Each structure stands twice: as structure tokens, then as C-alpha cells.
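Text of target_12.csv, listed as CSV, C-alpha atoms and all ligand atoms:
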chain,number,residue,atom,x,y,z
A,26,MET,CA,111.8,38.2,36.1
A,27,SER,CA,108.8,35.7,35.9
A,28,ALA,CA,108.0,34.1,39.2
A,29,GLU,CA,108.1,30.4,38.1
A,30,ALA,CA,111.7,29.4,37.2
A,31,THR,CA,110.6,26.2,35.6
A,32,SER,CA,107.9,27.6,33.2
A,33,GLY,CA,109.1,29.7,30.3
A,34,PRO,CA,112.0,32.1,30.1
A,35,ASP,CA,113.5,33.7,33.2
A,36,PHE,CA,113.8,37.1,31.5
A,37,GLU,CA,111.4,39.3,29.5
A,38,LEU,CA,111.8,42.4,27.4
A,39,ALA,CA,111.0,44.7,30.3
A,40,ASP,CA,114.0,43.5,32.2
A,41,PHE,CA,116.2,44.8,29.5
A,42,THR,CA,114.4,48.1,28.7
A,43,SER,CA,114.5,48.9,32.4
A,44,ALA,CA,118.2,48.0,32.7
A,45,ARG,CA,118.8,50.3,29.7
A,46,ALA,CA,117.0,53.2,31.5
A,47,THR,CA,119.1,52.5,34.6
A,48,ILE,CA,122.5,52.4,33.0
A,49,GLY,CA,121.9,54.5,29.8
A,50,GLY,CA,123.5,57.6,31.4
A,51,THR,CA,126.7,55.9,32.6
A,52,ILE,CA,127.7,53.6,29.7
A,53,ARG,CA,128.7,54.1,26.1
A,54,ARG,CA,126.3,53.2,23.4
A,55,THR,CA,128.9,51.4,21.2
A,56,PRO,CA,128.8,51.5,17.4
A,57,THR,CA,127.9,48.7,15.0
A,58,VAL,CA,129.9,48.8,11.7
A,59,VAL,CA,130.0,46.8,8.5
A,60,SER,CA,132.9,44.5,8.0
A,61,GLU,CA,133.7,44.7,4.3
A,62,SER,CA,136.2,41.8,4.4
A,63,LEU,CA,133.9,39.4,6.3
A,64,SER,CA,130.9,40.4,4.2
A,65,LYS,CA,132.9,39.5,1.1
A,66,LEU,CA,134.2,36.3,2.6
A,67,CYS,CA,130.8,35.1,3.9
A,68,GLY,CA,128.6,36.3,1.1
A,69,VAL,CA,126.2,37.9,3.5
A,70,PRO,CA,126.3,41.3,5.2
A,71,VAL,CA,128.5,41.0,8.3
A,72,TYR,CA,128.5,43.6,11.1
A,73,LEU,CA,130.8,44.1,14.0
A,74,LYS,CA,129.4,45.4,17.3
A,75,LEU,CA,132.4,47.3,18.7
A,76,GLU,CA,131.7,46.7,22.4
A,77,HIS,CA,135.5,46.4,23.1
A,78,LEU,CA,135.3,50.3,22.9
A,79,GLN,CA,133.1,50.3,26.1
A,80,GLU,CA,134.6,52.2,29.0
A,81,THR,CA,137.0,49.8,31.1
A,82,GLY,CA,137.5,47.8,27.9
A,83,SER,CA,134.7,45.4,28.0
A,84,PHE,CA,130.9,44.9,28.2
A,85,LYS,CA,131.2,43.8,31.8
A,86,LEU,CA,130.6,47.5,32.8
A,87,ARG,CA,126.9,47.1,31.7
A,88,GLY,CA,126.0,44.4,34.1
A,89,ALA,CA,128.1,45.8,36.9
A,90,ALA,CA,126.6,49.3,36.6
A,91,ASN,CA,123.1,47.8,36.5
A,92,ALA,CA,123.8,45.7,39.6
A,93,VAL,CA,125.3,48.7,41.6
A,94,LEU,CA,122.6,51.2,40.5
A,95,SER,CA,119.8,48.7,41.4
A,96,LEU,CA,120.9,48.4,45.0
A,97,SER,CA,118.8,50.0,47.8
A,98,GLU,CA,120.1,53.2,49.3
A,99,ALA,CA,121.0,51.2,52.5
A,100,ALA,CA,123.0,48.7,50.5
A,101,LYS,CA,124.7,51.4,48.5
A,102,ALA,CA,125.8,53.0,51.8
A,103,LYS,CA,127.5,49.7,52.9
A,104,GLY,CA,129.3,49.1,49.6
A,105,VAL,CA,130.0,46.3,47.2
A,106,VAL,CA,132.6,43.6,47.0
A,107,GLY,CA,133.9,41.3,44.2
A,108,VAL,CA,136.6,38.7,43.6
A,109,SER,CA,137.4,39.2,39.9
A,110,THR,CA,140.8,40.6,38.9
A,111,GLY,CA,139.8,40.7,35.2
A,112,ASN,CA,137.2,42.6,33.3
A,113,HIS,CA,134.4,42.1,35.8
A,114,GLY,CA,136.6,43.6,38.6
A,115,ARG,CA,137.4,46.6,36.4
A,116,GLY,CA,133.7,47.1,35.5
A,117,LEU,CA,132.6,46.8,39.1
A,118,ALA,CA,135.3,49.2,40.3
A,119,HIS,CA,134.4,51.8,37.7
A,120,ALA,CA,130.6,51.4,38.2
A,121,ALA,CA,131.0,51.8,42.0
A,122,ARG,CA,133.2,54.8,41.7
A,123,GLN,CA,130.7,56.5,39.3
A,124,ALA,CA,127.8,55.8,41.7
A,125,GLY,CA,129.8,57.0,44.7
A,126,VAL,CA,129.7,53.5,46.3
A,127,ARG,CA,132.6,51.9,48.2
A,128,CYS,CA,134.1,48.9,46.4
A,129,ILE,CA,136.5,46.3,47.7
A,130,ILE,CA,138.1,43.7,45.4
A,131,CYS,CA,139.6,40.7,47.2
A,132,MET,CA,142.4,38.8,45.5
A,133,SER,CA,145.1,36.3,46.5
A,134,ARG,CA,148.7,37.3,46.8
A,135,LEU,CA,149.5,35.4,43.5
A,136,VAL,CA,147.7,38.0,41.4
A,137,PRO,CA,150.3,40.0,39.4
A,138,GLN,CA,151.0,43.6,40.5
A,139,ASN,CA,149.9,45.1,37.2
A,140,LYS,CA,146.4,43.7,37.8
A,141,VAL,CA,146.3,45.0,41.3
A,142,GLU,CA,147.3,48.5,40.1
A,143,ALA,CA,144.7,48.4,37.3
A,144,ILE,CA,141.9,47.8,39.8
A,145,GLU,CA,143.3,50.4,42.2
A,146,ALA,CA,143.5,53.0,39.4
A,147,LEU,CA,139.8,52.6,38.9
A,148,GLY,CA,139.2,53.6,42.5
A,149,ALA,CA,138.5,50.3,44.3
A,150,GLU,CA,140.2,49.1,47.5
A,151,VAL,CA,142.2,46.0,46.9
A,152,ARG,CA,142.4,43.5,49.7
A,153,ILE,CA,145.1,40.9,49.3
A,154,VAL,CA,144.3,37.7,51.3
A,155,GLY,CA,145.9,34.3,51.3
A,156,SER,CA,147.4,32.5,48.4
A,157,SER,CA,144.4,31.1,46.5
A,158,GLN,CA,141.1,32.3,45.1
A,159,ASP,CA,139.3,30.2,47.8
A,160,GLU,CA,141.0,32.1,50.6
A,161,ALA,CA,140.1,35.4,48.9
A,162,GLN,CA,136.5,34.1,48.9
A,163,ILE,CA,136.5,33.6,52.7
A,164,GLU,CA,137.3,37.3,53.1
A,165,VAL,CA,134.5,38.2,50.8
A,166,ASP,CA,132.1,36.1,52.8
A,167,ARG,CA,133.2,37.8,56.0
A,168,LEU,CA,132.7,41.3,54.4
A,169,VAL,CA,129.2,40.3,53.4
A,170,ALA,CA,128.3,38.7,56.8
A,171,GLU,CA,130.0,41.2,59.2
A,172,ASP,CA,130.1,44.5,57.3
A,173,GLY,CA,126.8,44.1,55.3
A,174,MET,CA,128.5,44.6,51.9
A,175,THR,CA,126.9,43.2,48.8
A,176,LEU,CA,128.7,40.6,46.7
A,177,VAL,CA,128.4,41.4,43.0
A,178,PRO,CA,129.0,38.2,41.0
A,179,PRO,CA,130.3,38.2,37.5
A,180,PHE,CA,127.5,36.4,35.6
A,181,ASP,CA,124.9,34.4,37.4
A,182,HIS,CA,122.7,37.2,38.7
A,183,PRO,CA,119.5,38.7,37.2
A,184,ASP,CA,120.8,42.3,37.3
A,185,ILE,CA,124.1,41.3,35.6
A,186,ILE,CA,122.2,39.4,32.9
A,187,ALA,CA,119.8,42.3,32.4
A,188,GLY,CA,122.7,44.8,32.0
A,189,GLN,CA,124.6,42.6,29.5
A,190,GLY,CA,121.3,42.1,27.6
A,191,THR,CA,121.1,45.8,26.8
A,192,LEU,CA,123.6,45.0,24.1
A,193,GLY,CA,120.9,42.8,22.4
A,194,LEU,CA,118.6,45.8,22.2
A,195,GLU,CA,121.3,47.9,20.5
A,196,ILE,CA,122.0,45.1,18.0
A,197,LEU,CA,118.3,44.9,17.0
A,198,GLU,CA,118.2,48.7,16.6
A,199,ASP,CA,121.3,48.8,14.4
A,200,VAL,CA,120.6,45.7,12.3
A,201,PRO,CA,116.8,45.2,12.3
A,202,ASP,CA,117.0,42.4,9.7
A,203,VAL,CA,119.7,40.4,11.6
A,204,HIS,CA,119.6,36.6,11.0
A,205,THR,CA,122.5,35.4,13.2
A,206,VAL,CA,124.3,36.8,16.2
A,207,LEU,CA,127.7,35.4,17.4
A,208,VAL,CA,128.3,36.0,21.1
A,209,GLN,CA,131.1,35.0,23.4
A,210,LEU,CA,130.2,32.3,26.0
A,211,SER,CA,132.0,31.7,29.3
A,212,GLY,CA,129.9,31.9,32.5
A,213,GLY,CA,127.0,32.8,30.2
A,214,GLY,CA,125.8,36.2,31.6
A,215,LEU,CA,126.5,37.9,28.4
A,216,ILE,CA,124.8,35.5,26.1
A,217,SER,CA,121.9,34.9,28.5
A,218,GLY,CA,121.1,38.6,28.4
A,219,VAL,CA,121.7,39.1,24.6
A,220,ALA,CA,119.7,36.0,23.6
A,221,SER,CA,116.8,36.8,26.0
A,222,ALA,CA,116.6,40.4,24.8
A,223,ILE,CA,116.8,39.5,21.1
A,224,LYS,CA,114.5,36.5,21.2
A,225,ALA,CA,111.9,38.4,23.2
A,226,ARG,CA,111.4,40.5,20.0
A,227,ARG,CA,112.6,38.2,17.2
A,228,PRO,CA,112.5,34.6,18.4
A,229,GLU,CA,113.7,33.3,15.0
A,230,VAL,CA,117.1,35.0,15.3
A,231,GLN,CA,119.9,32.4,15.5
A,232,ILE,CA,122.2,32.9,18.5
A,233,ILE,CA,125.6,31.1,18.4
A,234,GLY,CA,127.8,30.9,21.5
A,235,MET,CA,131.6,31.0,21.0
A,236,SER,CA,134.0,29.4,23.5
A,237,MET,CA,137.6,28.1,23.3
A,238,GLU,CA,138.4,24.4,23.1
A,239,ARG,CA,140.6,24.7,26.2
A,240,GLY,CA,138.4,24.5,29.3
A,241,ALA,CA,134.8,25.3,28.0
A,242,ALA,CA,132.8,24.7,31.1
A,243,MET,CA,129.4,25.7,29.7
A,244,ALA,CA,129.8,23.5,26.6
A,245,ALA,CA,130.7,20.5,28.8
A,246,SER,CA,127.8,21.2,31.1
A,247,LEU,CA,125.3,21.4,28.2
A,248,ASP,CA,126.7,18.0,26.9
A,249,THR,CA,126.3,16.5,30.4
A,250,GLY,CA,122.8,18.1,31.0
A,251,LEU,CA,123.9,19.8,34.3
A,252,PRO,CA,126.5,22.2,35.5
A,253,ILE,CA,129.9,20.4,35.8
A,254,GLN,CA,133.5,21.5,36.4
A,255,VAL,CA,136.3,21.2,33.9
A,256,PRO,CA,140.0,21.8,34.4
A,257,GLU,CA,141.0,25.4,33.7
A,258,LEU,CA,143.7,25.6,31.0
A,259,PRO,CA,145.8,28.5,29.8
A,260,THR,CA,144.3,30.1,26.6
A,261,LEU,CA,144.6,33.2,24.5
A,262,ALA,CA,141.0,33.8,25.3
A,263,ASP,CA,141.7,34.2,29.0
A,264,SER,CA,138.6,36.2,29.8
A,265,LEU,CA,136.6,33.1,28.8
A,266,GLY,CA,138.2,30.9,31.4
A,267,GLY,CA,136.6,29.7,34.7
A,268,GLY,CA,133.6,27.6,35.6
A,269,ILE,CA,129.9,28.2,35.6
A,270,GLY,CA,129.3,27.3,39.2
A,271,LEU,CA,127.9,24.0,40.3
A,272,ALA,CA,125.0,25.7,41.9
A,273,ASN,CA,124.3,27.8,38.8
A,274,ARG,CA,120.8,29.4,39.0
A,275,TYR,CA,120.2,31.3,35.8
A,276,THR,CA,122.7,31.1,33.0
A,277,PHE,CA,122.9,27.3,32.5
A,278,LYS,CA,119.1,27.1,32.0
A,279,THR,CA,118.9,30.2,29.8
A,280,VAL,CA,121.8,29.1,27.6
A,281,ARG,CA,120.3,25.6,27.3
A,282,ASP,CA,116.9,27.0,26.3
A,283,LEU,CA,117.9,29.9,24.1
A,284,VAL,CA,121.3,29.4,22.5
A,285,ASP,CA,121.0,27.6,19.1
A,286,LYS,CA,124.6,26.3,18.9
A,287,VAL,CA,127.9,26.4,20.7
A,288,VAL,CA,131.1,26.4,18.7
A,289,LEU,CA,134.6,25.9,20.2
A,290,LEU,CA,137.8,27.4,18.7
A,291,SER,CA,141.4,26.2,18.8
A,292,GLU,CA,144.2,28.5,20.0
A,293,ALA,CA,145.3,29.0,16.3
A,294,GLU,CA,141.8,30.0,15.3
A,295,ILE,CA,141.6,32.6,18.2
A,296,ALA,CA,145.0,34.0,17.1
A,297,ALA,CA,143.6,34.3,13.6
A,298,GLY,CA,140.7,36.3,15.0
A,299,ILE,CA,143.0,38.7,16.8
A,300,ARG,CA,145.0,39.1,13.5
A,301,HIS,CA,141.9,39.6,11.5
A,302,GLY,CA,140.7,42.3,13.9
A,303,TYR,CA,144.0,44.2,13.6
A,304,TRP,CA,144.9,43.8,9.9
A,305,GLN,CA,141.5,43.8,8.3
A,306,GLU,CA,139.3,45.8,10.8
A,307,ARG,CA,141.9,48.1,12.5
A,308,GLN,CA,140.7,47.0,15.9
A,309,ILE,CA,142.7,45.9,18.9
A,310,VAL,CA,140.9,43.1,20.6
A,311,GLU,CA,141.8,40.5,23.3
A,312,GLY,CA,141.5,36.8,22.6
A,313,ALA,CA,138.0,36.5,24.0
A,314,GLY,CA,137.0,39.6,22.2
A,315,ALA,CA,138.1,38.1,18.9
A,316,VAL,CA,136.4,34.6,18.9
A,317,CYS,CA,133.3,35.7,16.9
A,318,MET,CA,135.3,37.4,14.2
A,319,ALA,CA,137.6,34.3,14.2
A,320,ALA,CA,134.7,31.9,13.6
A,321,LEU,CA,133.7,33.9,10.5
A,322,ALA,CA,137.3,34.6,9.2
A,323,THR,CA,138.3,30.9,9.4
A,324,GLY,CA,135.0,29.6,7.9
A,325,LYS,CA,134.2,27.7,11.0
A,326,VAL,CA,130.7,29.3,11.1
A,327,LYS,CA,129.1,29.9,7.7
A,328,PRO,CA,126.2,32.4,8.2
A,329,GLU,CA,123.1,32.3,6.0
A,330,GLY,CA,121.9,35.9,6.4
A,331,PRO,CA,122.8,39.3,7.9
A,332,THR,CA,125.2,38.5,10.8
A,333,VAL,CA,126.5,40.4,13.8
A,334,ALA,CA,129.8,39.4,15.4
A,335,LEU,CA,130.3,40.8,18.9
A,336,LEU,CA,133.8,42.2,19.9
A,337,SER,CA,133.5,41.9,23.7
A,338,GLY,CA,136.8,43.2,25.1
A,339,CYS,CA,140.2,44.8,24.4
A,340,ASN,CA,142.2,44.1,27.6
A,341,ILE,CA,145.2,42.2,26.2
A,342,ASP,CA,148.8,42.6,27.2
A,343,MET,CA,150.1,44.7,24.3
A,344,ARG,CA,153.4,42.8,24.0
A,345,LEU,CA,151.3,39.6,23.6
A,346,HIS,CA,149.1,41.3,21.0
A,347,HIS,CA,152.2,42.5,19.1
A,348,ARG,CA,153.6,38.9,19.0
A,349,VAL,CA,150.2,37.5,17.7
A,350,ILE,CA,149.7,40.1,15.0
A,351,SER,CA,153.3,39.8,13.9
A,352,GLY,CA,152.5,36.2,13.0
A,353,GLU,CA,154.3,34.4,15.9
A,354,ASP,CA,152.9,31.1,16.7
A,355,VAL,CA,152.1,32.0,20.4
A,356,ASP,CA,151.3,29.2,22.8
A,357,VAL,CA,150.2,30.7,26.1
A,358,ALA,CA,150.5,27.3,27.8
A,359,SER,CA,154.3,27.0,27.2
A,360,ASP,CA,154.7,30.8,27.8
A,361,GLN,CA,153.4,30.3,31.3
A,362,GLN,CA,155.7,27.3,32.0
A,363,ALA,CA,158.7,29.4,30.7
A,364,GLU,CA,157.8,32.2,33.2
A,365,GLY,CA,157.6,29.6,36.0
A,401,LIG,C1,133.6,38.0,30.8
A,401,LIG,C2,133.9,38.1,29.3
A,401,LIG,C3,133.2,37.2,28.4
A,401,LIG,C4,132.3,36.1,28.7
A,401,LIG,O1,131.1,36.6,29.4
A,401,LIG,P1,130.2,35.6,30.3
A,401,LIG,O2,129.1,36.4,30.8
A,401,LIG,O3,131.1,35.1,31.4
A,401,LIG,O4,129.8,34.5,29.4
A,401,LIG,C5,133.5,37.4,27.0
A,401,LIG,N1,134.5,38.4,26.6
A,401,LIG,C6,135.1,39.2,27.5
A,401,LIG,C7,136.1,40.1,27.0
A,401,LIG,C8,134.8,39.0,28.9
A,401,LIG,O5,135.5,39.8,29.8
C-alpha cells encoding of this file:
Amino acid sequence: MSAEATSGPDFELADFTSARATIGGTIRRTPTVVSESLSKLCGVPVYLKLEHLQETGSFKLRGAANAVLSLSEAAKAKGVVGVSTGNHGRGLAHAARQAGVRCIICMSRLVPQNKVEAIEALGAEVRIVGSSQDEAQIEVDRLVAEDGMTLVPPFDHPDIIAGQGTLGLEILEDVPDVHTVLVQLSGGGLISGVASAIKARRPEVQIIGMSMERGAAMAASLDTGLPIQVPELPTLADSLGGGIGLANRYTFKTVRDLVDKVVLLSEAEIAAGIRHGYWQERQIVEGAGAVCMAALATGKVKPEGPTVALLSGCNIDMRLHHRVISGEDVDVASDQQAEG
């Protein structure tokens, strides 16, 4: 990290090479493969970075492992705490167990039992508190203040961003002449890391951020010029939901300065991406994981040179996946209403 937050980029190449040295022994180096169908469709070589094959089913393990392994021995002895019930929670639980560090994930009583069990299966303690995410956060604050545990946030932290950015180093190694990289964008930890790592070596590479139309907090914040809140809406790309934090410290600025374009996809386009992954690429991906493929498969993004599309995660309910790939016109908003 450079000392002056206002002059130049927050992250330099050494942040990513040292994160890679830290986590290299505990994460998978995922493959990059040619997509024959997308290369033909786009008229340029298109590659898929298969990060949905990462242990725990998403790239979030990279940042979580880097954050846990970078703690002091004293902090490791007290343990880590998180609030995510999704991919960050899984990554953090797994990384902590691997490092022999205690991990507590706090969640509200509204979280479905299958998510509770998924986190417990990874070796974390689950603490159910209150009936909202805000009440769960109060327990987190108490564990930090009274028990000396360390909160590991999902995206807006230098160690998280450095861990996610190790993906950028792998992309440059696998496709040295890459022209454009499509990366998922929610809180922006992933794309901040990938863009910083790639542009430190090849500033001319185009980085395109992919979000969903329903509740894209970073896109709305970029339009406004400062972090803002938008209503959270049900979407097939559920791992892209949530805000960027009104007190955002790193990712808003990094995305603003390094990401060349942000593209938003409809639910139908995201579904098309999941279908493309399955029928053309033989890959099972979740909605968020499919948005980069979706942008190319639907012609929404027309690349001009060798292009890498990131597949970021595979944690989708398999019944939902089955309905989407069978061609059903799934609307998760009305699904949720039907379930009550
Ligand atoms: C968290 C997540 C993202 C978005 O990452 P951010 O760092 O929040 O932008 C994309 N895809 C999947 C599968 C995720 O779990």
C-alpha cells in the first residue's frame, strides 16, 4: 500500500506477489481454458478463467486466506469473526480452519438452515442472533470489542483486495496478450484486486465490470460520484447483491480509477449465461459466476482482442440451476413471494 491515499493507486504489484506467496500453498491455481463457442461468436480468442472450481466454490477463499494468514500470532490466537452467510462466509470458515484459527460467523435467525449447515460443515461456529443483519452486527462488534476477535470484511480491506488480485497475476500468465478482462462487480474487492494487479503490469488492458440491473450499488455510486445505497432486489446473481458501504475506503476509489466500463445485465441475460455455461462449456456456475460469459454470449459486450471472462463461483441451488438450464423462464422475485 502507498501511504498517500489521494495520490496514485492504492495497490502496487508487490501487494499481489506477496499475497500470492502467502496463500499459494492453500488455494488452487485454477485453469484458464479456450471457449471455442465464444471465440467463434466474438471473432477473437475468448478464454474462461475457471475460478468457480476454487475450493469452497468461489474466489472469496483467496482474500479470506490472505486476511487470516496475514494476522499477527496474537490476533490468530483470538480468532476471526464474519457476518456473511454466502461465499465470503464459506471462504472465511475454510481459511480459518486450514490455519487452525477459531472462526465465528454471526447470522440472524432468518437465515435458512441449509446455509447455517454449510458454514458449520466448514468448521466455523455459527452464532444466531436477533432477527436482522443489523442485530447480528451488534454481536460481531461485541466479539471484537470484548473478546479481541478480528472482523474480516468481505471486500473493503487491503488484505482481501490483495488476495483477490492474485487472480489477475494468473490471468496475465495464462494469456500474456490479453486485451480485455471481464470481471464480476459487487462490493468491488474482486475487481479492485484484479484491475490493480493487471494494470500494474499492463496498463492498457481493458477491465470491464459486470453487475446485474437489479440493485447495482457500485454502478449507482459511480454515477453519483460517491458511495450511495440502493434498494437490494432479488436476482439470479444473488452473490452480487448488497451495498458498497457508505464509509467505503478502498474499492470505490479503485473501481472509479481503474475500471474502464461497467455493464449491467437483465435477469434474462444472466439466465442465458448460466445456460451457456452448461450447454456450451460444460460448467455449472451460479448466476453471479455467469455474468461475464453472459455478456459475450448475448453480444452485450463485443470484445476487440483476446478476452478473458471470469467464472467467479458455482454455489447455486441445484434445483434452481436445473430449472434455468431446462429453459424455464425463472423469476426469482416472484419465486420468493410464492415461498412467502
Ligand atoms: C462476492 C462475489 C462476487 C463479487 O465480488 P466483490 O468483491 O463483492 O465485487 C462475484 N461473484 C461471486 C460468486 C461472489 O461470491
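Between atom CA of A:Ala244 and atom CA of A:Leu335 the separation is 18.9 Å.
Atom CA of A:Asp184 lies 15.8 Å from atom CA of A:Ala124.
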Would you list the residues that come within 7 Å of ligand LIG 401 (chain A)? Count all atoms listed in the file and give the answer as number ranges by chain. A: 83, 85, 111-113, 179-180, 209-216, 264-265, 311, 313-314, 337-339
Taking only C-alpha atoms into account, produce a table as a Markdown table in which each residue of stretch 28-55 of chain A with an atom at most 9 Å from an atom of stretch 220-242 of chain A appears once, together with its shortest atom pair and the distance in Å to one decimal, ordered by chain and rising number.
| residue | atom | partner | partner_atom | distance |
| --- | --- | --- | --- | --- |
| A:Pro34 | CA | A:Ser221 | CA | 7.9 |
| A:Asp35 | CA | A:Ser221 | CA | 8.5 |
| A:Phe36 | CA | A:Ser221 | CA | 6.3 |
| A:Glu37 | CA | A:Ala225 | CA | 6.4 |
| A:Leu38 | CA | A:Ala225 | CA | 5.8 |
| A:Ala39 | CA | A:Ala222 | CA | 8.9 |
| A:Asp40 | CA | A:Ala222 | CA | 8.4 |
| A:Phe41 | CA | A:Ala222 | CA | 6.5 |
| A:Thr42 | CA | A:Ala222 | CA | 8.9 |
Quick one: residues within 9 Å of A:Ile299, all atoms listed in the file counted, chain neighbours fewer than 6 positions away excluded, as a PDB file with C-alpha atoms, keeping the file's coordinate frame?
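Dumped everything to selection32.pdb:
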ATOM      1  CA  GLN A 308     140.700  47.000  15.900  1.00  0.00           C
ATOM      2  CA  ILE A 309     142.700  45.900  18.900  1.00  0.00           C
ATOM      3  CA  VAL A 310     140.900  43.100  20.600  1.00  0.00           C
ATOM      4  CA  GLU A 311     141.800  40.500  23.300  1.00  0.00           C
ATOM      5  CA  GLY A 312     141.500  36.800  22.600  1.00  0.00           C
ATOM      6  CA  GLY A 314     137.000  39.600  22.200  1.00  0.00           C
ATOM      7  CA  ALA A 315     138.100  38.100  18.900  1.00  0.00           C
ATOM      8  CA  VAL A 316     136.400  34.600  18.900  1.00  0.00           C
ATOM      9  CA  MET A 318     135.300  37.400  14.200  1.00  0.00           C
ATOM     10  CA  ALA A 319     137.600  34.300  14.200  1.00  0.00           C
ATOM     11  CA  HIS A 346     149.100  41.300  21.000  1.00  0.00           C
ATOM     12  CA  VAL A 349     150.200  37.500  17.700  1.00  0.00           C
ATOM     13  CA  ILE A 350     149.700  40.100  15.000  1.00  0.00           C
TER      14      ILE A 350
END
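Among the candidates A:Ser157, A:Asn139, A:Ser133, A:Ser97, the residue lying nearest to A:Asp342 is A:Asn139 (atoms considered: only C-alpha atoms).
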Kindly extract all protein, DNA and RNA residues lying within 10 Å of the coordinates (147.7, 33.2, 27.8) given in the file, considering only C-alpha atoms, and supply them as an MDAnalysis selection string. chainID A and resid 258:264 292 312 341:342 345 355:361
Taking (134.4, 43.9, 40.1) in the file's coordinates as the center, which residues reach within 8 Å of it, counting all atoms listed in the file, put as JSON, numbers by chain? {"A": [89, 106, 107, 108, 109, 110, 111, 112, 113, 114, 115, 116, 117, 118, 130, 177, 178, 179]}
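Atom pair atom CA of A:His77 / atom CA of A:Gly267: separated by 20.4 Å.
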Using only C-alpha atoms, the shortest atom-to-atom distance to A:Ile269 among A:Glu294, A:Glu171, A:Glu257, A:Glu195 belongs to A:Glu257
A:Leu271 environment, 12 Å, only C-alpha atoms, sequence neighbours closer than 3 positions dropped, as a list in words: Asp181, Gly212, Ala242, Met243, Ser246, Leu251, Pro252, Ile253, Gln254, Val255, Gly267, Gly268, Arg274, Tyr275, Thr276 and Phe277 of chain A
Give me the residues near stretch 60-63 of chain A as a ChimeraX atom specification, where near means some atom within 7 Å (using only C-alpha atoms) and where sequence neighbours in that chain fewer than 2 positions away do not count. /A:58,65-67,71-73,305,321-322
Which residue, A:Val151, A:Ala293, A:Ile144, A:Ala120, has the smallest gap to A:Gly88 when you use all atoms listed in the file? A:Ala120
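Neighbours of A:Arg53 closer than or equal to 9 Å, with all atoms listed in the file counted and sequence neighbours fewer than 2 positions away skipped, come out as Gly49, Gly50, Thr51, Thr55, Glu76, Leu78, Gln79 and Glu80 of chain A.
Distances to A:Val165 were evaluated for A:Cys128, A:Ala121, A:Val200, A:Leu147 using all atoms listed in the file, and the minimum falls at A:Cys128.
The shortest atom-to-atom distance to A:Ile163, with all atoms listed in the file taken into account, belongs to A:Met132 out of A:Met132, A:Val59, A:Ile196, A:Val284.
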Counting only C-alpha atoms, which residue out of A:Leu336, A:Leu283, A:Gly298, A:Ala149 sits closest to A:Pro56? A:Leu336
With all heavy atoms as the goal, would you fill in the gaps in stretch 311-317 of chain A and present it as a CSV table (one decimal), in the coordinates of the input?
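That gives us part_21.csv:
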chain,number,residue,atom,x,y,z
A,311,GLU,N,141.2,41.6,22.6
A,311,GLU,CA,141.8,40.5,23.3
A,311,GLU,C,141.3,39.2,22.7
A,311,GLU,O,140.4,39.2,21.9
A,311,GLU,CB,141.5,40.7,24.8
A,311,GLU,CG,140.0,40.7,25.1
A,311,GLU,CD,139.7,40.7,26.6
A,311,GLU,OE1,139.9,39.6,27.3
A,311,GLU,OE2,139.4,41.8,27.1
A,312,GLY,N,141.9,38.1,23.1
A,312,GLY,CA,141.5,36.8,22.6
A,312,GLY,C,140.1,36.5,22.7
A,312,GLY,O,139.4,36.1,21.7
A,313,ALA,N,139.5,36.7,23.9
A,313,ALA,CA,138.0,36.5,24.0
A,313,ALA,C,137.2,37.4,23.1
A,313,ALA,O,136.2,36.9,22.5
A,313,ALA,CB,137.6,36.7,25.5
A,314,GLY,N,137.7,38.6,23.0
A,314,GLY,CA,137.0,39.6,22.2
A,314,GLY,C,136.9,39.2,20.7
A,314,GLY,O,136.1,39.6,20.0
A,315,ALA,N,137.9,38.4,20.3
A,315,ALA,CA,138.1,38.1,18.9
A,315,ALA,C,137.4,36.8,18.4
A,315,ALA,O,137.4,36.5,17.2
A,315,ALA,CB,139.6,38.0,18.6
A,316,VAL,N,136.8,36.0,19.3
A,316,VAL,CA,136.4,34.6,18.9
A,316,VAL,C,135.3,34.7,17.9
A,316,VAL,O,135.2,33.8,17.0
A,316,VAL,CB,136.0,33.7,20.1
A,316,VAL,CG1,137.3,33.4,20.9
A,316,VAL,CG2,134.9,34.4,21.0
A,317,CYS,N,134.4,35.7,17.9
A,317,CYS,CA,133.3,35.7,16.9
A,317,CYS,C,133.8,36.0,15.5
A,317,CYS,O,133.4,35.4,14.6
A,317,CYS,CB,132.2,36.7,17.4
A,317,CYS,SG,131.6,36.3,19.0
